[in-house]
>>> print(open('upload02.cif').read())   # mmCIF, C-alpha atoms
data_target
#
loop_
_atom_site.label_atom_id
_atom_site.label_comp_id
_atom_site.auth_asym_id
_atom_site.auth_seq_id
_atom_site.Cartn_x
_atom_site.Cartn_y
_atom_site.Cartn_z
CA MET A 1 -15.14 7.44 12.31
CA GLU A 2 -16.79 4.21 13.53
CA SER A 3 -16.32 2.70 10.08
CA SER A 4 -12.62 3.62 10.16
CA ILE A 5 -12.05 2.06 13.58
CA GLU A 6 -14.00 -1.10 12.71
CA SER A 7 -11.92 -1.51 9.57
CA ALA A 8 -8.65 -1.19 11.56
CA LEU A 9 -9.79 -3.70 14.21
CA LEU A 10 -10.90 -6.18 11.55
CA ALA A 11 -7.54 -5.78 9.78
CA VAL A 12 -5.69 -6.74 12.98
CA GLU A 13 -8.08 -9.60 13.72
CA ILE A 14 -7.47 -11.12 10.29
CA TYR A 15 -3.69 -10.56 10.45
CA ASN A 16 -3.45 -12.34 13.82
CA ARG A 17 -5.72 -15.24 12.84
CA PRO A 18 -3.38 -18.25 12.29
CA ARG A 19 -5.17 -19.89 9.36
CA ALA A 20 -6.68 -16.82 7.72
CA PRO A 21 -6.11 -16.94 3.93
CA PHE A 22 -4.52 -13.92 2.27
CA LYS A 23 -4.05 -12.29 5.68
CA VAL A 24 -1.51 -9.67 4.56
CA GLU A 25 -3.52 -8.83 1.45
CA ASN A 26 -6.66 -8.32 3.56
CA TYR A 27 -4.75 -6.42 6.24
CA ILE A 28 -3.39 -3.97 3.68
CA SER A 29 -6.78 -3.43 2.01
CA LEU A 30 -8.60 -2.90 5.31
CA MET A 31 -5.94 -0.59 6.73
CA ILE A 32 -6.03 1.52 3.56
CA ILE A 33 -9.80 1.86 4.11
CA ALA A 34 -9.25 2.68 7.80
CA TRP A 35 -6.73 5.42 6.99
CA MET A 36 -8.86 6.87 4.20
CA ARG A 37 -11.98 7.05 6.39
CA LEU A 38 -9.97 8.55 9.23
CA PHE A 39 -8.99 11.41 6.92
CA HIS A 40 -12.56 11.70 5.62
CA ALA A 41 -13.81 11.99 9.21
CA TYR A 42 -11.26 14.74 9.86
CA PHE A 43 -12.12 16.61 6.65
CA ASN A 44 -15.83 16.27 7.39
CA LYS A 45 -15.22 17.89 10.78
CA THR A 46 -13.00 20.69 9.49
CA ILE A 47 -14.07 21.54 5.91
CA GLY A 48 -17.42 19.78 5.49
CA GLU A 49 -18.01 17.87 2.27
CA LYS A 50 -15.22 19.49 0.30
CA TYR A 51 -13.35 16.19 0.19
CA TYR A 52 -15.44 15.05 -2.77
CA TYR A 53 -14.27 15.48 -6.36
CA LYS A 54 -16.18 17.95 -8.51
CA GLU A 55 -16.60 18.40 -12.25
CA LYS A 56 -15.71 21.69 -13.95
CA ASN A 57 -19.39 22.69 -13.82
CA GLY A 58 -19.36 22.40 -10.02
CA ARG A 59 -21.33 19.17 -9.81
CA TYR A 60 -20.00 16.24 -7.81
CA LYS A 61 -18.18 13.51 -9.71
CA LEU A 62 -20.07 10.23 -9.40
CA TYR A 63 -18.82 6.66 -9.22
CA ASP A 64 -21.56 4.01 -9.37
CA LYS A 65 -24.03 6.82 -8.67
CA GLU A 66 -22.19 7.75 -5.46
CA LYS A 67 -20.18 10.92 -4.88
CA LYS A 68 -16.49 10.18 -5.45
CA ALA A 69 -14.39 11.07 -2.39
CA TRP A 70 -10.65 11.71 -2.31
CA GLU A 71 -8.62 8.50 -2.32
CA LEU A 72 -5.93 7.97 0.31
CA GLY A 73 -3.04 9.45 -1.70
CA THR A 74 -4.97 12.66 -2.26
CA CYS A 75 -6.08 12.73 1.40
CA VAL A 76 -2.44 12.66 2.55
CA LYS A 77 -1.52 15.43 0.14
CA LYS A 78 -4.45 17.65 1.21
CA PHE A 79 -3.91 16.94 4.93
CA LYS A 80 -0.27 18.03 4.72
CA LYS A 81 -1.21 21.48 3.42
CA ASN A 82 -2.37 22.55 6.89
CA ASN A 83 -0.97 19.81 9.14
CA SER A 84 2.24 17.91 9.69
CA LEU A 85 2.89 14.19 9.65
CA LYS A 86 5.76 12.65 11.61
CA GLU A 87 8.83 11.64 9.67
CA GLY A 88 8.31 8.30 7.96
CA VAL A 89 4.49 8.23 8.22
CA GLU A 90 3.80 9.43 4.68
CA GLU A 91 6.38 7.05 3.17
CA ASN A 92 4.84 4.15 5.12
CA ILE A 93 1.37 4.97 3.76
CA LYS A 94 2.65 5.36 0.19
CA LEU A 95 4.38 1.97 0.39
CA PHE A 96 1.05 0.32 1.17
CA ILE A 97 -0.88 2.30 -1.45
CA GLY A 98 1.54 0.90 -4.01
CA LEU A 99 1.26 -2.62 -2.60
CA ARG A 100 -2.54 -2.42 -2.57
CA ASN A 101 -2.47 -1.41 -6.25
CA LYS A 102 -0.14 -4.29 -7.06
CA ILE A 103 -2.03 -7.06 -5.22
CA GLU A 104 -5.47 -5.86 -6.29
CA HIS A 105 -5.61 -7.80 -9.57
CA ARG A 106 -3.01 -10.50 -8.97
CA HIS A 107 -3.82 -14.03 -7.92
CA ILE A 108 -0.63 -15.17 -6.21
CA ASP A 109 0.26 -16.51 -2.79
CA LYS A 110 0.80 -13.21 -1.02
CA ASP A 111 1.05 -14.60 2.53
CA GLU A 112 4.77 -15.11 1.94
CA ILE A 113 5.36 -11.35 2.07
CA SER A 114 4.25 -11.22 5.73
CA PHE A 115 7.83 -12.03 6.82
CA GLN A 116 9.14 -9.15 4.73
CA LEU A 117 6.54 -6.59 5.78
CA PHE A 118 5.96 -7.16 9.50
CA GLY A 119 7.74 -3.94 10.55
CA GLU A 120 5.91 -1.78 8.02
CA CYS A 121 2.55 -3.43 8.85
CA GLN A 122 3.07 -2.74 12.55
CA ALA A 123 4.07 0.88 11.86
CA LEU A 124 0.99 1.38 9.67
CA LEU A 125 -1.18 0.43 12.66
CA TYR A 126 0.79 2.42 15.26
CA ASN A 127 0.74 5.52 13.05
CA TYR A 128 -3.00 5.13 12.48
CA GLU A 129 -3.80 4.98 16.19
CA GLU A 130 -1.46 7.86 16.99
CA LEU A 131 -3.11 10.16 14.43
CA LEU A 132 -6.57 8.95 15.48
CA VAL A 133 -5.90 9.99 19.09
CA GLU A 134 -4.21 13.22 18.00
CA LEU A 135 -7.20 14.29 15.88
CA PHE A 136 -10.11 13.00 17.95
CA GLY A 137 -8.90 12.36 21.51
CA GLU A 138 -7.74 9.58 23.86
CA GLU A 139 -11.21 8.03 24.09
CA TYR A 140 -10.69 6.65 20.56
CA ALA A 141 -7.45 4.80 21.41
CA LEU A 142 -7.49 1.18 20.22
CA ASN A 143 -4.78 -0.25 22.47
CA GLU A 144 -7.23 -1.69 24.99
CA SER A 145 -8.94 -3.60 22.18
CA LEU A 146 -5.74 -5.22 20.89
CA ALA A 147 -3.47 -7.96 22.16
CA PHE A 148 -0.03 -9.22 21.21
CA SER A 149 -0.14 -12.02 18.66
CA LEU A 150 1.10 -15.36 20.01
CA GLN A 151 3.89 -16.91 17.94
CA PHE A 152 5.15 -20.46 17.47
CA SER A 153 8.90 -20.67 18.11
CA LYS A 154 9.74 -23.94 16.32
CA SER A 155 12.23 -23.29 13.49
CA GLN A 156 11.47 -19.58 13.23
CA ASN A 157 14.62 -18.81 11.28
CA ASN A 158 14.01 -21.83 9.04
CA ASN A 159 10.51 -20.59 8.22
CA LEU A 160 11.87 -17.16 7.44
CA ASP A 161 14.52 -18.54 5.09
CA GLN A 162 12.07 -20.88 3.35
CA ALA A 163 9.52 -18.10 2.85
CA TYR A 164 12.19 -15.83 1.42
CA LYS A 165 13.39 -18.53 -1.01
CA LYS A 166 9.80 -19.26 -2.02
CA MET A 167 9.23 -15.59 -2.77
CA ILE A 168 12.28 -15.41 -5.02
CA SER A 169 11.21 -18.50 -6.99
CA SER A 170 7.54 -17.55 -7.32
CA ASN A 171 5.31 -14.85 -8.76
CA SER A 172 5.87 -12.92 -5.55
CA GLN A 173 9.21 -11.76 -6.99
CA GLU A 174 7.55 -8.66 -8.40
CA LEU A 175 6.23 -7.69 -4.96
CA LEU A 176 9.63 -8.34 -3.42
CA ASP A 177 11.26 -6.15 -6.09
CA TYR A 178 8.81 -3.37 -5.35
CA ILE A 179 9.35 -3.56 -1.57
CA THR A 180 13.15 -3.63 -1.95
CA LYS A 181 13.25 -0.75 -4.42
CA TYR A 182 10.89 1.35 -2.32
CA ARG A 183 13.06 0.85 0.77
CA ASN A 184 16.29 1.52 -1.13
CA LYS A 185 15.10 4.86 -2.49
CA LEU A 186 14.35 6.24 0.98
CA PRO A 187 16.83 8.50 2.79
CA GLN A 188 18.54 6.64 5.65
CA ASP A 189 16.83 8.70 8.37
CA ILE A 190 13.37 7.90 6.92
CA PHE A 191 14.19 4.20 6.58
CA ASP A 192 15.47 4.07 10.17
CA SER A 193 12.35 5.83 11.44
CA GLN A 194 10.02 3.69 13.57
CA ASN A 195 7.16 5.53 11.86
CA PHE A 196 8.15 3.94 8.57
CA SER A 197 8.86 0.47 9.95
CA ILE A 198 8.80 -0.89 13.49
CA LYS A 199 12.12 -2.64 14.05
CA LEU A 200 12.16 -5.04 16.98
CA ILE A 201 14.80 -7.28 18.48
CA GLN A 202 13.31 -10.19 20.39
CA ILE A 203 15.54 -11.42 23.22
CA PRO A 204 14.28 -13.91 25.84
CA ARG A 205 14.10 -12.38 29.30
CA ILE A 206 15.85 -14.89 31.53
CA THR A 207 15.28 -13.43 35.00
CA SER A 208 13.12 -10.80 36.59
CA SER A 209 13.36 -9.13 39.96
CA ASN A 210 9.59 -8.86 40.18
CA ARG A 211 7.22 -11.73 39.38
CA ALA A 212 4.49 -9.23 38.60
CA ASP A 213 6.47 -7.72 35.69
CA ALA A 214 4.94 -7.88 32.23
CA ALA A 215 6.30 -10.60 29.94
CA ILE A 216 6.91 -8.02 27.20
CA GLN A 217 8.41 -4.60 27.77
CA PHE A 218 9.16 -1.89 25.23
CA VAL A 219 12.31 0.14 25.70
CA ASN A 220 12.05 3.86 24.97
CA TRP A 221 15.10 4.67 22.87
CA ASN A 222 15.15 8.31 23.97
CA SER A 223 15.36 7.33 27.64
CA LEU A 224 18.43 5.08 27.22
CA SER A 225 21.90 6.13 28.26
CA GLU A 226 24.53 6.44 25.53
CA GLU A 227 26.20 3.28 26.85
CA ASP A 228 22.96 1.26 26.56
CA LYS A 229 22.26 2.67 23.11
CA GLN A 230 25.63 1.40 21.91
CA LYS A 231 24.79 -2.08 23.27
CA TYR A 232 21.52 -2.15 21.33
CA ILE A 233 23.29 -0.95 18.18
CA LYS A 234 25.80 -3.82 18.52
CA ILE A 235 22.95 -6.35 18.86
CA ASN A 236 21.28 -4.87 15.81
CA ALA A 237 24.53 -5.12 13.84
CA ILE A 238 24.72 -8.84 14.62
CA ILE A 239 21.27 -9.68 13.22
CA LYS A 240 20.86 -7.07 10.48
CA GLU A 241 20.54 -8.49 6.97
CA LYS A 242 23.28 -7.42 4.60
CA VAL A 243 22.24 -5.98 1.24
CA VAL A 244 24.77 -6.92 -1.41
CA LYS A 245 24.87 -4.52 -4.36
CA THR A 246 26.44 -5.47 -7.67
CA GLU A 247 28.57 -3.04 -9.63
CA ALA A 248 26.68 -3.41 -12.92
CA ILE A 249 23.21 -1.88 -12.90
CA ASN A 250 20.51 -1.42 -15.54
CA VAL A 251 22.16 -4.07 -17.75
CA GLY A 252 19.96 -4.66 -20.78
CA SER A 253 17.61 -1.81 -19.90
CA LEU A 254 16.14 0.43 -22.59
CA LYS A 255 15.10 4.06 -22.83
CA PRO A 256 11.84 5.08 -24.55
CA MET A 257 13.37 6.20 -27.86
CA MET A 258 15.48 3.03 -28.04
CA ILE A 259 12.25 1.02 -27.97
CA VAL A 260 10.47 3.33 -30.42
CA ASN A 261 13.36 3.13 -32.91
CA GLN A 262 13.59 -0.65 -32.63
CA ILE A 263 9.84 -1.01 -33.24
CA LYS A 264 10.22 1.24 -36.31
CA ARG A 265 13.09 -0.88 -37.63
CA GLU A 266 11.68 -4.34 -36.91
CA VAL A 267 7.88 -4.07 -36.87
CA THR A 268 6.31 -0.90 -38.30
CA LYS A 269 7.37 2.60 -39.21
CA ASP A 270 4.02 3.85 -37.98
CA PHE A 271 5.01 3.94 -34.29
CA TYR A 272 5.90 7.08 -32.35
CA ILE A 273 6.74 8.22 -28.83
CA LYS A 274 3.07 9.19 -28.30
CA ASP A 275 2.08 5.56 -28.95
CA PHE A 276 4.69 4.49 -26.40
CA VAL A 277 3.28 6.89 -23.78
CA HIS A 278 -0.30 5.72 -24.42
CA LEU A 279 0.79 2.10 -23.96
CA TYR A 280 2.48 2.53 -20.58
CA ARG A 281 -0.48 4.59 -19.37
CA ILE A 282 -3.31 2.24 -20.35
CA PHE A 283 -1.39 -0.83 -19.13
CA LYS A 284 -0.34 0.95 -15.90
CA ILE A 285 3.29 -0.19 -15.89
CA ARG A 286 4.41 3.14 -14.34
CA PRO A 287 2.81 6.35 -13.01
CA LYS A 288 0.95 8.08 -15.83
CA ASP A 289 2.14 11.58 -14.91
CA LYS A 290 4.03 13.66 -12.33
CA GLU A 291 0.94 14.08 -10.11
CA GLN A 292 0.42 10.33 -9.76
CA GLU A 293 4.15 9.87 -9.20
CA GLU A 294 4.03 12.35 -6.30
CA LEU A 295 1.05 10.59 -4.71
CA GLU A 296 2.09 6.97 -5.14
CA GLY A 297 5.85 7.16 -5.33
CA THR A 298 7.85 5.49 -8.09
CA ILE A 299 5.55 2.49 -8.41
CA THR A 300 6.13 0.36 -11.50
CA ASN A 301 5.27 -3.05 -12.89
CA THR A 302 8.79 -4.36 -12.40
CA LYS A 303 8.31 -7.06 -15.01
CA TYR A 304 8.50 -4.29 -17.60
CA CYS A 305 9.79 -1.09 -16.04
CA HIS A 306 11.96 0.32 -13.24
CA TYR A 307 12.55 3.77 -11.82
CA ASP A 308 16.17 4.94 -11.91
CA ILE A 309 16.64 6.91 -8.69
CA ILE A 310 20.00 8.41 -9.68
CA HIS A 311 18.87 9.75 -13.05
CA LYS A 312 15.27 10.34 -11.91
CA ASP A 313 13.67 8.67 -14.92
CA TYR A 314 12.12 5.38 -15.99
CA ILE A 315 13.94 2.60 -17.79
CA TYR A 316 12.32 -0.34 -19.52
CA ARG A 317 13.10 -4.02 -19.78
CA LYS A 318 13.39 -6.01 -23.00
CA SER A 319 10.16 -7.74 -21.91
CA TRP A 320 8.32 -4.43 -22.52
CA LEU A 321 9.78 -4.21 -26.02
CA ASP A 322 8.73 -7.83 -26.67
CA PHE A 323 5.26 -7.15 -25.29
CA ILE A 324 4.74 -4.18 -27.65
CA LYS A 325 6.03 -6.23 -30.58
CA SER A 326 3.56 -9.06 -29.92
CA LEU A 327 0.76 -6.54 -29.41
CA ILE A 328 1.34 -5.14 -32.91
CA LEU A 329 2.27 -8.33 -34.77
CA GLU A 330 -0.58 -10.39 -33.35
CA LYS A 331 -3.03 -7.47 -33.73
CA LYS A 332 -4.18 -7.70 -30.13
CA LEU A 333 -4.82 -3.95 -29.97
CA SER A 334 -5.11 -1.65 -32.97
CA ARG A 335 -3.59 1.82 -33.02
CA GLU A 336 -7.07 3.33 -33.32
CA GLU A 337 -8.28 1.41 -30.23
CA LEU A 338 -5.15 2.44 -28.34
CA TRP A 339 -5.65 6.15 -29.02
CA ALA A 340 -9.40 6.01 -28.32
CA LYS A 341 -8.88 4.33 -24.95
CA ALA A 342 -6.04 6.69 -24.07
CA ASP A 343 -8.17 9.75 -24.92
CA ALA A 344 -10.97 8.35 -22.76
CA GLY A 345 -8.59 7.78 -19.85
CA GLU A 346 -9.30 4.03 -19.82
CA THR A 347 -6.91 1.36 -18.56
CA LEU A 348 -6.52 -2.31 -19.43
CA ASP A 349 -5.51 -5.39 -17.44
CA ILE A 350 -2.14 -6.29 -18.94
CA SER A 351 -2.51 -9.96 -17.92
CA GLU A 352 -5.27 -10.33 -20.54
CA PHE A 353 -2.79 -9.38 -23.29
CA GLU A 354 0.31 -11.22 -22.08
#
>>> encode(input="upload02.cif", output="structure tokens")
Amino acid sequence: MESSIESALLAVEIYNRPRAPFKVENYISLMIIAWMRLFHAYFNKTIGEKYYYKEKNGRYKLYDKEKKAWELGTCVKKFKKNNSLKEGVEENIKLFIGLRNKIEHRHIDKDEISFQLFGECQALLYNYEELLVELFGEEYALNESLAFSLQFSKSQNNNLDQAYKKMISSNSQELLDYITKYRNKLPQDIFDSQNFSIKLIQIPRITSSNRADAAIQFVNWNSLSEEDKQKYIKINAIIKEKVVKTEAINVGSLKPMMIVNQIKREVTKDFYIKDFVHLYRIFKIRPKDKEQEELEGTITNTKYCHYDIIHKDYIYRKSWLDFIKSLILEKKLSREELWAKADAGETLDISEFE
């Protein structure tokens, strides 16, 4: 429990430090650890050491000679069997599991995504503290340890626009694609939930009847009159970003057998759907099976693959076809090596083969 709390406090400290490098990347990693250890503390209290993986013979699975505990995705799944999570909490956690997996092996300037993810980052922290207090009591509340982050006001909108443009023109595009697609696949009520993403409207407070009033006040939505709610909705409508959707979708996308058949025609006849499956699994461009898909959502390497929400299947880009072609033609990975690694459950860093 102490380890979990320390990890959460360190995450906030780094996020609020003005010149901290990779602040969002570190915040995500540390909050994933905080959440995972919170669940481990709960499981340890309720079921003992049953939150460790075991082999078929009953022995504990080991990782670097240490017992392998359930990762966060599994913790959420196991916790939900006997407990409930508020609407939006699970989707918020899954978003960050996917982001953690994506930023883990990528060396890009990830600080730019802080503008895009502030609401979800704030919700991840609020949800953590709320569950912490719910499971272990008020004495564990973190709010007295935290403070509001001070912000510079000069050209705020300019900075936001510039960061957004930089994301689109940089390697961060893949992260932006993932964030956008994850949000778009959520039902409207989940997306609107403050447990998925804290949505704030900052309006300067011009006057106050009491000089002792706090500079910042949170308005409880449930306590507002219908008239006041409509006023807030109008303000939100003024500043809300508009998502423009084009009519043509999936242009140029390919299905698995389309790729298999083209490889057979243009490269080698000795290529089958099983080879295709092994390739996307070892290079981790999409969930390897239904179980991983349930835990991590429809996470893909968007350079090569996308999840089609309407048809509930995966579609592939021409870049994935080209990648497989070069893999075979340049003999970067033999069919024997591919099958051996797939049978062993190994994965490869795709950047080393690109």
>>> closest_residue(input="upload02.cif", among="A:Phe283, A:Phe191, A:Tyr307, A:Tyr316", to="A:Val89", atoms="only C-alpha atoms")
A:Phe191
>>> closest_residue(input="upload02.cif", among="A:Leu9, A:Tyr272, A:Arg281, A:Tyr126", to="A:Ala344", atoms="all atoms listed in the file")
A:Arg281
>>> closest_residue(input="upload02.cif", among="A:Leu99, A:Leu224, A:Ile233, A:Ala8", to="A:Glu174", atoms="all atoms listed in the file")
A:Leu99
>>> atom_distance(input="upload02.cif", atom1="atom CA of A:Asn44", atom2="atom CA of A:Cys75")
12.0 Å
>>> resolve_selection(input="upload02.cif", expression="the PyMOL selection byres ((chain A and resi 342) around 10)", output="PyMOL selection string")
chain A and resi 275+277-279+281-282+336-341+343-347
>>> atom_distance(input="upload02.cif", atom1="atom CA of A:Lys185", atom2="atom CA of A:Tyr27")
24.4 Å
>>> atom_distance(input="upload02.cif", atom1="atom CA of A:Lys61", atom2="atom CA of A:Thr74")
15.2 Å
